[in-house]
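**Q** Next comes target-v2.pdb, PDB, N, CA and C atoms:
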```pdb
MODEL        1
ATOM      1  N   THR A  15     -13.980 -10.804 -16.397
ATOM      2  CA  THR A  15     -13.674  -9.732 -15.459
ATOM      3  C   THR A  15     -13.112 -10.315 -14.168
ATOM      4  N   VAL A  16     -12.367  -9.497 -13.486
ATOM      5  CA  VAL A  16     -11.741  -9.901 -12.232
ATOM      6  C   VAL A  16     -12.566  -9.368 -11.069
ATOM      7  N   PRO A  17     -12.863 -10.203 -10.084
ATOM      8  CA  PRO A  17     -13.622  -9.717  -8.920
ATOM      9  C   PRO A  17     -12.871  -8.596  -8.207
ATOM     10  N   GLU A  18     -13.612  -7.563  -7.831
ATOM     11  CA  GLU A  18     -12.981  -6.431  -7.142
ATOM     12  C   GLU A  18     -12.361  -6.834  -5.818
ATOM     13  N   SER A  19     -12.832  -7.943  -5.248
ATOM     14  CA  SER A  19     -12.274  -8.385  -3.966
ATOM     15  C   SER A  19     -10.810  -8.792  -4.097
ATOM     16  N   LEU A  20     -10.356  -9.063  -5.330
ATOM     17  CA  LEU A  20      -8.955  -9.426  -5.551
ATOM     18  C   LEU A  20      -8.077  -8.217  -5.828
ATOM     19  N   CYS A  21      -8.686  -7.053  -5.933
ATOM     20  CA  CYS A  21      -7.958  -5.836  -6.291
ATOM     21  C   CYS A  21      -7.811  -4.902  -5.096
ATOM     22  N   ASN A  22      -6.942  -3.936  -5.258
ATOM     23  CA  ASN A  22      -6.771  -2.908  -4.245
ATOM     24  C   ASN A  22      -7.690  -1.740  -4.589
ATOM     25  N   PHE A  23      -8.746  -1.583  -3.824
ATOM     26  CA  PHE A  23      -9.784  -0.590  -4.120
ATOM     27  C   PHE A  23      -9.231   0.831  -4.111
ATOM     28  N   SER A  24      -8.351   1.157  -3.178
ATOM     29  CA  SER A  24      -7.788   2.510  -3.095
ATOM     30  C   SER A  24      -7.010   2.867  -4.353
ATOM     31  N   LEU A  25      -6.247   1.917  -4.861
ATOM     32  CA  LEU A  25      -5.471   2.161  -6.071
ATOM     33  C   LEU A  25      -6.392   2.295  -7.285
ATOM     34  N   LEU A  26      -7.437   1.473  -7.353
ATOM     35  CA  LEU A  26      -8.414   1.579  -8.443
ATOM     36  C   LEU A  26      -9.080   2.955  -8.450
ATOM     37  N   GLN A  27      -9.478   3.407  -7.267
ATOM     38  CA  GLN A  27     -10.122   4.724  -7.163
ATOM     39  C   GLN A  27      -9.176   5.835  -7.601
ATOM     40  N   LEU A  28      -7.952   5.776  -7.147
ATOM     41  CA  LEU A  28      -6.968   6.793  -7.483
ATOM     42  C   LEU A  28      -6.715   6.831  -8.992
ATOM     43  N   ALA A  29      -6.689   5.676  -9.617
ATOM     44  CA  ALA A  29      -6.410   5.595 -11.054
ATOM     45  C   ALA A  29      -7.527   6.189 -11.897
ATOM     46  N   GLN A  30      -8.703   6.334 -11.345
ATOM     47  CA  GLN A  30      -9.816   6.902 -12.098
ATOM     48  C   GLN A  30      -9.552   8.356 -12.480
ATOM     49  N   LYS A  31      -8.626   9.006 -11.798
ATOM     50  CA  LYS A  31      -8.266  10.383 -12.133
ATOM     51  C   LYS A  31      -7.549  10.456 -13.479
ATOM     52  N   LYS A  32      -6.891   9.347 -13.864
ATOM     53  CA  LYS A  32      -6.187   9.228 -15.147
ATOM     54  C   LYS A  32      -5.173  10.344 -15.403
ATOM     55  N   GLU A  33      -4.528  10.819 -14.345
ATOM     56  CA  GLU A  33      -3.475  11.813 -14.499
ATOM     57  C   GLU A  33      -2.220  11.132 -15.050
ATOM     58  N   LYS A  34      -1.571  11.783 -15.980
ATOM     59  CA  LYS A  34      -0.429  11.191 -16.680
ATOM     60  C   LYS A  34       0.669  10.738 -15.709
ATOM     61  N   ARG A  35       1.073  11.584 -14.791
ATOM     62  CA  ARG A  35       2.144  11.251 -13.840
ATOM     63  C   ARG A  35       1.713  10.102 -12.925
ATOM     64  N   LEU A  36       0.474  10.125 -12.495
ATOM     65  CA  LEU A  36      -0.041   9.063 -11.632
ATOM     66  C   LEU A  36      -0.037   7.725 -12.369
ATOM     67  N   MET A  37      -0.465   7.731 -13.611
ATOM     68  CA  MET A  37      -0.493   6.495 -14.393
ATOM     69  C   MET A  37       0.927   5.966 -14.606
ATOM     70  N   ALA A  38       1.881   6.856 -14.795
ATOM     71  CA  ALA A  38       3.280   6.441 -14.940
ATOM     72  C   ALA A  38       3.793   5.823 -13.637
ATOM     73  N   THR A  39       3.378   6.371 -12.515
ATOM     74  CA  THR A  39       3.811   5.832 -11.220
ATOM     75  C   THR A  39       3.178   4.469 -10.965
ATOM     76  N   ILE A  40       1.944   4.275 -11.413
ATOM     77  CA  ILE A  40       1.312   2.959 -11.289
ATOM     78  C   ILE A  40       2.079   1.942 -12.134
ATOM     79  N   HIS A  41       2.541   2.365 -13.300
ATOM     80  CA  HIS A  41       3.393   1.497 -14.120
ATOM     81  C   HIS A  41       4.687   1.174 -13.372
ATOM     82  N   ASP A  42       5.283   2.180 -12.754
ATOM     83  CA  ASP A  42       6.499   1.973 -11.961
ATOM     84  C   ASP A  42       6.250   0.946 -10.860
ATOM     85  N   LEU A  43       5.088   1.040 -10.211
ATOM     86  CA  LEU A  43       4.738   0.093  -9.150
ATOM     87  C   LEU A  43       4.637  -1.317  -9.711
ATOM     88  N   ARG A  44       4.011  -1.468 -10.877
ATOM     89  CA  ARG A  44       3.877  -2.800 -11.469
ATOM     90  C   ARG A  44       5.253  -3.404 -11.760
ATOM     91  N   VAL A  45       6.147  -2.596 -12.318
ATOM     92  CA  VAL A  45       7.500  -3.086 -12.616
ATOM     93  C   VAL A  45       8.224  -3.446 -11.320
ATOM     94  N   PHE A  46       8.088  -2.618 -10.302
ATOM     95  CA  PHE A  46       8.701  -2.877  -8.995
ATOM     96  C   PHE A  46       8.207  -4.204  -8.415
ATOM     97  N   LEU A  47       6.902  -4.434  -8.483
ATOM     98  CA  LEU A  47       6.336  -5.679  -7.955
ATOM     99  C   LEU A  47       6.780  -6.877  -8.789
ATOM    100  N   ALA A  48       6.829  -6.705 -10.112
ATOM    101  CA  ALA A  48       7.286  -7.782 -10.997
ATOM    102  C   ALA A  48       8.753  -8.121 -10.741
ATOM    103  N   ALA A  49       9.511  -7.138 -10.273
ATOM    104  CA  ALA A  49      10.930  -7.344  -9.951
ATOM    105  C   ALA A  49      11.104  -7.887  -8.537
ATOM    106  N   GLY A  50      10.033  -8.358  -7.954
ATOM    107  CA  GLY A  50      10.114  -8.957  -6.618
ATOM    108  C   GLY A  50      10.309  -7.953  -5.507
ATOM    109  N   GLY A  51       9.918  -6.704  -5.753
ATOM    110  CA  GLY A  51      10.080  -5.679  -4.736
ATOM    111  C   GLY A  51      11.518  -5.207  -4.585
ATOM    112  N   ASN A  52      12.312  -5.431  -5.609
ATOM    113  CA  ASN A  52      13.719  -5.061  -5.580
ATOM    114  C   ASN A  52      13.895  -3.711  -6.281
ATOM    115  N   PHE A  53      14.242  -2.681  -5.512
ATOM    116  CA  PHE A  53      14.384  -1.335  -6.060
ATOM    117  C   PHE A  53      15.466  -1.248  -7.136
ATOM    118  N   SER A  54      16.586  -1.900  -6.909
ATOM    119  CA  SER A  54      17.688  -1.830  -7.876
ATOM    120  C   SER A  54      17.299  -2.463  -9.207
ATOM    121  N   ARG A  55      16.712  -3.641  -9.159
ATOM    122  CA  ARG A  55      16.314  -4.325 -10.383
ATOM    123  C   ARG A  55      15.229  -3.543 -11.123
ATOM    124  N   ALA A  56      14.240  -3.052 -10.370
ATOM    125  CA  ALA A  56      13.145  -2.296 -10.985
ATOM    126  C   ALA A  56      13.649  -0.988 -11.599
ATOM    127  N   SER A  57      14.529  -0.292 -10.895
ATOM    128  CA  SER A  57      15.034   0.976 -11.442
ATOM    129  C   SER A  57      15.874   0.732 -12.694
ATOM    130  N   ASP A  58      16.583  -0.390 -12.752
ATOM    131  CA  ASP A  58      17.311  -0.740 -13.973
ATOM    132  C   ASP A  58      16.337  -0.981 -15.125
ATOM    133  N   LEU A  59      15.277  -1.720 -14.865
ATOM    134  CA  LEU A  59      14.281  -1.997 -15.905
ATOM    135  C   LEU A  59      13.590  -0.724 -16.390
ATOM    136  N   LEU A  60      13.338   0.183 -15.454
ATOM    137  CA  LEU A  60      12.669   1.439 -15.792
ATOM    138  C   LEU A  60      13.631   2.496 -16.329
ATOM    139  N   GLN A  61      14.918   2.239 -16.167
ATOM    140  CA  GLN A  61      15.970   3.167 -16.573
ATOM    141  C   GLN A  61      15.844   4.518 -15.863
ATOM    142  N   ILE A  62      15.609   4.434 -14.563
ATOM    143  CA  ILE A  62      15.583   5.617 -13.706
ATOM    144  C   ILE A  62      16.453   5.341 -12.488
ATOM    145  N   HIS A  63      16.814   6.381 -11.771
ATOM    146  CA  HIS A  63      17.624   6.224 -10.568
ATOM    147  C   HIS A  63      16.802   5.534  -9.482
ATOM    148  N   ARG A  64      17.469   4.712  -8.715
ATOM    149  CA  ARG A  64      16.828   3.958  -7.629
ATOM    150  C   ARG A  64      16.079   4.888  -6.661
ATOM    151  N   ASN A  65      16.699   6.009  -6.309
ATOM    152  CA  ASN A  65      16.064   6.937  -5.373
ATOM    153  C   ASN A  65      14.837   7.617  -5.983
ATOM    154  N   THR A  66      14.859   7.833  -7.301
ATOM    155  CA  THR A  66      13.694   8.402  -7.980
ATOM    156  C   THR A  66      12.519   7.450  -7.857
ATOM    157  N   LEU A  67      12.774   6.161  -8.109
ATOM    158  CA  LEU A  67      11.720   5.151  -7.977
ATOM    159  C   LEU A  67      11.207   5.094  -6.544
ATOM    160  N   LYS A  68      12.114   5.094  -5.610
ATOM    161  CA  LYS A  68      11.727   5.017  -4.202
ATOM    162  C   LYS A  68      10.851   6.203  -3.810
ATOM    163  N   THR A  69      11.214   7.396  -4.245
ATOM    164  CA  THR A  69      10.436   8.598  -3.938
ATOM    165  C   THR A  69       9.044   8.522  -4.541
ATOM    166  N   ARG A  70       8.966   8.111  -5.808
ATOM    167  CA  ARG A  70       7.664   7.993  -6.472
ATOM    168  C   ARG A  70       6.755   6.998  -5.753
ATOM    169  N   LEU A  71       7.316   5.855  -5.400
ATOM    170  CA  LEU A  71       6.503   4.830  -4.747
ATOM    171  C   LEU A  71       6.119   5.221  -3.324
ATOM    172  N   GLU A  72       6.977   5.959  -2.649
ATOM    173  CA  GLU A  72       6.627   6.448  -1.312
ATOM    174  C   GLU A  72       5.435   7.404  -1.385
ATOM    175  N   LYS A  73       5.415   8.269  -2.392
ATOM    176  CA  LYS A  73       4.282   9.192  -2.561
ATOM    177  C   LYS A  73       3.006   8.429  -2.856
ATOM    178  N   LEU A  74       3.087   7.446  -3.748
ATOM    179  CA  LEU A  74       1.911   6.636  -4.065
ATOM    180  C   LEU A  74       1.448   5.849  -2.843
ATOM    181  N   SER A  75       2.381   5.350  -2.086
ATOM    182  CA  SER A  75       2.067   4.609  -0.862
ATOM    183  C   SER A  75       1.276   5.473   0.116
ATOM    184  N   ARG A  76       1.688   6.722   0.261
ATOM    185  CA  ARG A  76       0.965   7.641   1.153
ATOM    186  C   ARG A  76      -0.440   7.919   0.624
ATOM    187  N   LEU A  77      -0.577   8.046  -0.706
ATOM    188  CA  LEU A  77      -1.884   8.336  -1.297
ATOM    189  C   LEU A  77      -2.896   7.214  -1.080
ATOM    190  N   ILE A  78      -2.434   5.972  -1.149
ATOM    191  CA  ILE A  78      -3.376   4.865  -0.968
ATOM    192  C   ILE A  78      -3.345   4.285   0.437
ATOM    193  N   GLY A  79      -2.425   4.764   1.261
ATOM    194  CA  GLY A  79      -2.398   4.359   2.660
ATOM    195  C   GLY A  79      -1.928   2.940   2.905
ATOM    196  N   MET A  80      -0.916   2.509   2.150
ATOM    197  CA  MET A  80      -0.381   1.166   2.386
ATOM    198  C   MET A  80       1.066   1.078   1.961
ATOM    199  N   GLU A  81       1.780   0.173   2.597
ATOM    200  CA  GLU A  81       3.175  -0.084   2.260
ATOM    201  C   GLU A  81       3.227  -1.166   1.179
ATOM    202  N   PHE A  82       4.047  -0.959   0.164
ATOM    203  CA  PHE A  82       4.141  -1.925  -0.920
ATOM    204  C   PHE A  82       5.010  -3.118  -0.552
ATOM    205  N   SER A  83       5.706  -3.041   0.547
ATOM    206  CA  SER A  83       6.556  -4.145   0.959
ATOM    207  C   SER A  83       5.773  -5.259   1.644
ATOM    208  N   ALA A  84       4.505  -5.008   1.959
ATOM    209  CA  ALA A  84       3.679  -6.025   2.617
ATOM    210  C   ALA A  84       3.413  -7.165   1.642
ATOM    211  N   LEU A  85       4.002  -8.321   1.901
ATOM    212  CA  LEU A  85       3.900  -9.452   0.977
ATOM    213  C   LEU A  85       2.455  -9.879   0.726
ATOM    214  N   ASN A  86       1.627  -9.799   1.742
ATOM    215  CA  ASN A  86       0.240 -10.238   1.584
ATOM    216  C   ASN A  86      -0.575  -9.313   0.689
ATOM    217  N   GLU A  87      -0.064  -8.129   0.380
ATOM    218  CA  GLU A  87      -0.771  -7.174  -0.481
ATOM    219  C   GLU A  87      -0.193  -7.098  -1.887
ATOM    220  N   GLN A  88       0.984  -7.652  -2.095
ATOM    221  CA  GLN A  88       1.667  -7.467  -3.372
ATOM    222  C   GLN A  88       0.913  -8.084  -4.548
ATOM    223  N   GLU A  89       0.303  -9.247  -4.355
ATOM    224  CA  GLU A  89      -0.432  -9.871  -5.462
ATOM    225  C   GLU A  89      -1.626  -9.028  -5.883
ATOM    226  N   SER A  90      -2.377  -8.517  -4.905
ATOM    227  CA  SER A  90      -3.546  -7.707  -5.261
ATOM    228  C   SER A  90      -3.117  -6.385  -5.896
ATOM    229  N   LEU A  91      -2.010  -5.817  -5.440
ATOM    230  CA  LEU A  91      -1.496  -4.590  -6.044
ATOM    231  C   LEU A  91      -1.049  -4.839  -7.484
ATOM    232  N   TYR A  92      -0.355  -5.942  -7.703
ATOM    233  CA  TYR A  92       0.112  -6.269  -9.048
ATOM    234  C   TYR A  92      -1.078  -6.481  -9.989
ATOM    235  N   LEU A  93      -2.050  -7.247  -9.549
ATOM    236  CA  LEU A  93      -3.244  -7.487 -10.352
ATOM    237  C   LEU A  93      -3.965  -6.178 -10.652
ATOM    238  N   THR A  94      -4.059  -5.313  -9.665
ATOM    239  CA  THR A  94      -4.706  -4.014  -9.852
ATOM    240  C   THR A  94      -3.960  -3.167 -10.876
ATOM    241  N   CYS A  95      -2.642  -3.167 -10.812
ATOM    242  CA  CYS A  95      -1.836  -2.417 -11.792
ATOM    243  C   CYS A  95      -2.082  -2.939 -13.201
ATOM    244  N   LEU A  96      -2.154  -4.255 -13.356
ATOM    245  CA  LEU A  96      -2.407  -4.839 -14.670
ATOM    246  C   LEU A  96      -3.778  -4.400 -15.202
ATOM    247  N   ILE A  97      -4.758  -4.397 -14.339
ATOM    248  CA  ILE A  97      -6.122  -3.994 -14.737
ATOM    249  C   ILE A  97      -6.123  -2.533 -15.145
ATOM    250  N   ILE A  98      -5.512  -1.688 -14.339
ATOM    251  CA  ILE A  98      -5.467  -0.248 -14.625
ATOM    252  C   ILE A  98      -4.764   0.011 -15.945
ATOM    253  N   GLU A  99      -3.615  -0.634 -16.139
ATOM    254  CA  GLU A  99      -2.868  -0.435 -17.376
ATOM    255  C   GLU A  99      -3.658  -0.962 -18.583
ATOM    256  N   GLY A 100      -4.389  -2.046 -18.398
ATOM    257  CA  GLY A 100      -5.212  -2.578 -19.484
ATOM    258  C   GLY A 100      -6.352  -1.659 -19.856
ATOM    259  N   GLN A 101      -6.910  -0.973 -18.869
ATOM    260  CA  GLN A 101      -8.017  -0.055 -19.114
ATOM    261  C   GLN A 101      -7.547   1.229 -19.787
ATOM    262  N   SER A 102      -6.297   1.608 -19.541
ATOM    263  CA  SER A 102      -5.805   2.875 -20.090
ATOM    264  C   SER A 102      -5.340   2.741 -21.538
ATOM    265  N   ASN A 103      -5.237   1.518 -22.037
ATOM    266  CA  ASN A 103      -4.801   1.303 -23.436
ATOM    267  C   ASN A 103      -5.978   1.322 -24.386
TER     268      ASN A 103
ENDMDL
END
```
Would you put the structure from the file into structure tokens?

**A**
Amino acid sequence: TVPESLCNFSLLQLAQKKEKRLMATIHDLRVFLAAGGNFSRASDLLQIHRNTLKTRLEKLSRLIGMEFSALNEQESLYLTCLIIEGQSN
């Protein structure tokens, strides 16, 4: 198991709702982070419009109260997304 101190608690709590759209947006966030925070690359990988991805991530950002561009938070967000996606399978 991964220590919770390495994860983003707000995102973990939000994911407990297990809403389909929310889980898809968490997947979008993981792809965005894996793409180095590059909207164009991530939207290509997800096969969605860049602005669609940006809108989805802005909504998620407001829900958890943090900006995804903060480099010091990206690792914990990515790890949290992996954990959430692993639990939903």

**Q** Atom CA of A:Arg76 and atom CA of A:Ser54 are how many Å apart?

**A**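 Straight-line distance from atom CA of A:Arg76 to atom CA of A:Ser54 works out to 21.2 Å.
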
**Q** Write out as a PyMOL selection string all residues of chain A that DSSP puts in alpha helix (DSSP H) for this structure's backbone.

**A** chain A and resi 23-29+34-48+53-60+64-78+85-102

**Q** Excluding stretch 57-73 of chain A and residues on its chain fewer than 5 positions from it, collect all residues at most 6.5 Å away from it, counting all atoms listed in the file, and give them as a PyMOL selection string.

**A** chain A and resi 39+52+78

**Q** Would you work out the distance separating atom CA of A:Gly51 from atom CA of A:Ala84, expressed in Å to one decimal?

**A**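 About the pair atom CA of A:Gly51 and atom CA of A:Ala84: they are 9.8 Å apart.
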
**Q** For atom CA of A:Lys31 and atom CA of A:Ile98, quote the distance in Å rounded to one decimal.

**A**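 So the two atoms, atom CA of A:Lys31 and atom CA of A:Ile98, lie 11.3 Å apart.
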
**Q** Residues at most 7 Å from A:Thr94, counting all atoms listed in the file, excluding those fewer than 3 positions away in the same chain, as a ChimeraX atom specification?

**A** /A:20-22,25-26,89-91,97-99

**Q** Calculated over only C-alpha atoms, which of the candidates A:His41, A:Gln101, A:Phe53, A:Leu47 has the smallest distance to A:Leu85?

**A**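 For A:Leu85, the nearest of the candidates is A:Leu47.
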
**Q** For each of A:Tyr92, A:Gly100, A:Gln27, A:Ser75, take the minimum atom-to-atom distance to A:Ala48, counting all atoms listed in the file, then give the residue where this is smallest.

**A**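 With all atoms listed in the file as the atom set, the closest residue is A:Tyr92.
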
**Q** Find the smallest box with edges along x, y and z containing every listed atom of stretch 58-68 of chain A, then add 8 Å on each side and report centre and edge lengths in Å to one decimal, as JSON.

**A**
```
{"center_x": 14.2, "center_y": 3.2, "center_z": -10.2, "size_x": 22.8, "size_y": 26.4, "size_z": 28.8}
```

**Q** For stretch 49-60 of chain A, which lacks atoms in the input, supply all heavy atoms and format the output as a short mmCIF file (atom, residue, chain, number, x, y, z; two decimals), keeping the file's coordinate frame.

**A**
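In the end it all went to part-v3.cif:
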```cif
data_model
loop_
_atom_site.label_atom_id
_atom_site.label_comp_id
_atom_site.auth_asym_id
_atom_site.auth_seq_id
_atom_site.Cartn_x
_atom_site.Cartn_y
_atom_site.Cartn_z
N ALA A 49 9.51 -7.14 -10.27
CA ALA A 49 10.93 -7.34 -9.95
C ALA A 49 11.10 -7.89 -8.54
O ALA A 49 12.21 -7.86 -7.98
CB ALA A 49 11.70 -6.04 -10.12
N GLY A 50 10.03 -8.36 -7.95
CA GLY A 50 10.11 -8.96 -6.62
C GLY A 50 10.31 -7.95 -5.51
O GLY A 50 10.82 -8.29 -4.44
N GLY A 51 9.92 -6.70 -5.75
CA GLY A 51 10.08 -5.68 -4.74
C GLY A 51 11.52 -5.21 -4.58
O GLY A 51 11.89 -4.62 -3.57
N ASN A 52 12.31 -5.43 -5.61
CA ASN A 52 13.72 -5.06 -5.58
C ASN A 52 13.90 -3.71 -6.28
O ASN A 52 13.70 -3.60 -7.50
CB ASN A 52 14.55 -6.15 -6.28
CG ASN A 52 16.02 -5.90 -6.23
OD1 ASN A 52 16.49 -4.88 -6.71
ND2 ASN A 52 16.75 -6.83 -5.65
N PHE A 53 14.24 -2.68 -5.51
CA PHE A 53 14.38 -1.34 -6.06
C PHE A 53 15.47 -1.25 -7.14
O PHE A 53 15.27 -0.59 -8.16
CB PHE A 53 14.68 -0.31 -4.95
CG PHE A 53 13.47 0.10 -4.18
CD1 PHE A 53 13.24 -0.41 -2.92
CD2 PHE A 53 12.56 1.00 -4.71
CE1 PHE A 53 12.12 -0.04 -2.20
CE2 PHE A 53 11.43 1.38 -4.01
CZ PHE A 53 11.22 0.86 -2.75
N SER A 54 16.59 -1.90 -6.91
CA SER A 54 17.69 -1.83 -7.88
C SER A 54 17.30 -2.46 -9.21
O SER A 54 17.52 -1.88 -10.27
CB SER A 54 18.94 -2.51 -7.32
OG SER A 54 19.41 -1.81 -6.20
N ARG A 55 16.71 -3.64 -9.16
CA ARG A 55 16.31 -4.32 -10.38
C ARG A 55 15.23 -3.54 -11.12
O ARG A 55 15.28 -3.36 -12.34
CB ARG A 55 15.83 -5.74 -10.07
CG ARG A 55 15.64 -6.57 -11.31
CD ARG A 55 15.35 -8.03 -11.06
NE ARG A 55 15.70 -8.51 -9.74
CZ ARG A 55 15.01 -9.44 -9.07
NH1 ARG A 55 13.93 -9.97 -9.60
NH2 ARG A 55 15.38 -9.83 -7.87
N ALA A 56 14.24 -3.05 -10.37
CA ALA A 56 13.14 -2.30 -10.98
C ALA A 56 13.65 -0.99 -11.60
O ALA A 56 13.25 -0.63 -12.70
CB ALA A 56 12.06 -2.01 -9.96
N SER A 57 14.53 -0.29 -10.90
CA SER A 57 15.03 0.98 -11.44
C SER A 57 15.87 0.73 -12.69
O SER A 57 15.84 1.53 -13.63
CB SER A 57 15.82 1.76 -10.39
OG SER A 57 16.96 1.04 -9.97
N ASP A 58 16.58 -0.39 -12.75
CA ASP A 58 17.31 -0.74 -13.97
C ASP A 58 16.34 -0.98 -15.12
O ASP A 58 16.56 -0.51 -16.24
CB ASP A 58 18.17 -1.99 -13.77
CG ASP A 58 19.41 -1.73 -12.93
OD1 ASP A 58 19.77 -0.54 -12.74
OD2 ASP A 58 20.02 -2.72 -12.46
N LEU A 59 15.28 -1.72 -14.86
CA LEU A 59 14.28 -2.00 -15.90
C LEU A 59 13.59 -0.72 -16.39
O LEU A 59 13.30 -0.58 -17.57
CB LEU A 59 13.23 -2.98 -15.38
CG LEU A 59 13.71 -4.41 -15.15
CD1 LEU A 59 12.69 -5.20 -14.36
CD2 LEU A 59 14.03 -5.10 -16.47
N LEU A 60 13.34 0.18 -15.45
CA LEU A 60 12.67 1.44 -15.79
C LEU A 60 13.63 2.50 -16.33
O LEU A 60 13.20 3.54 -16.82
CB LEU A 60 11.94 1.99 -14.56
CG LEU A 60 10.75 1.16 -14.08
CD1 LEU A 60 10.36 1.58 -12.67
CD2 LEU A 60 9.59 1.31 -15.04
#
```
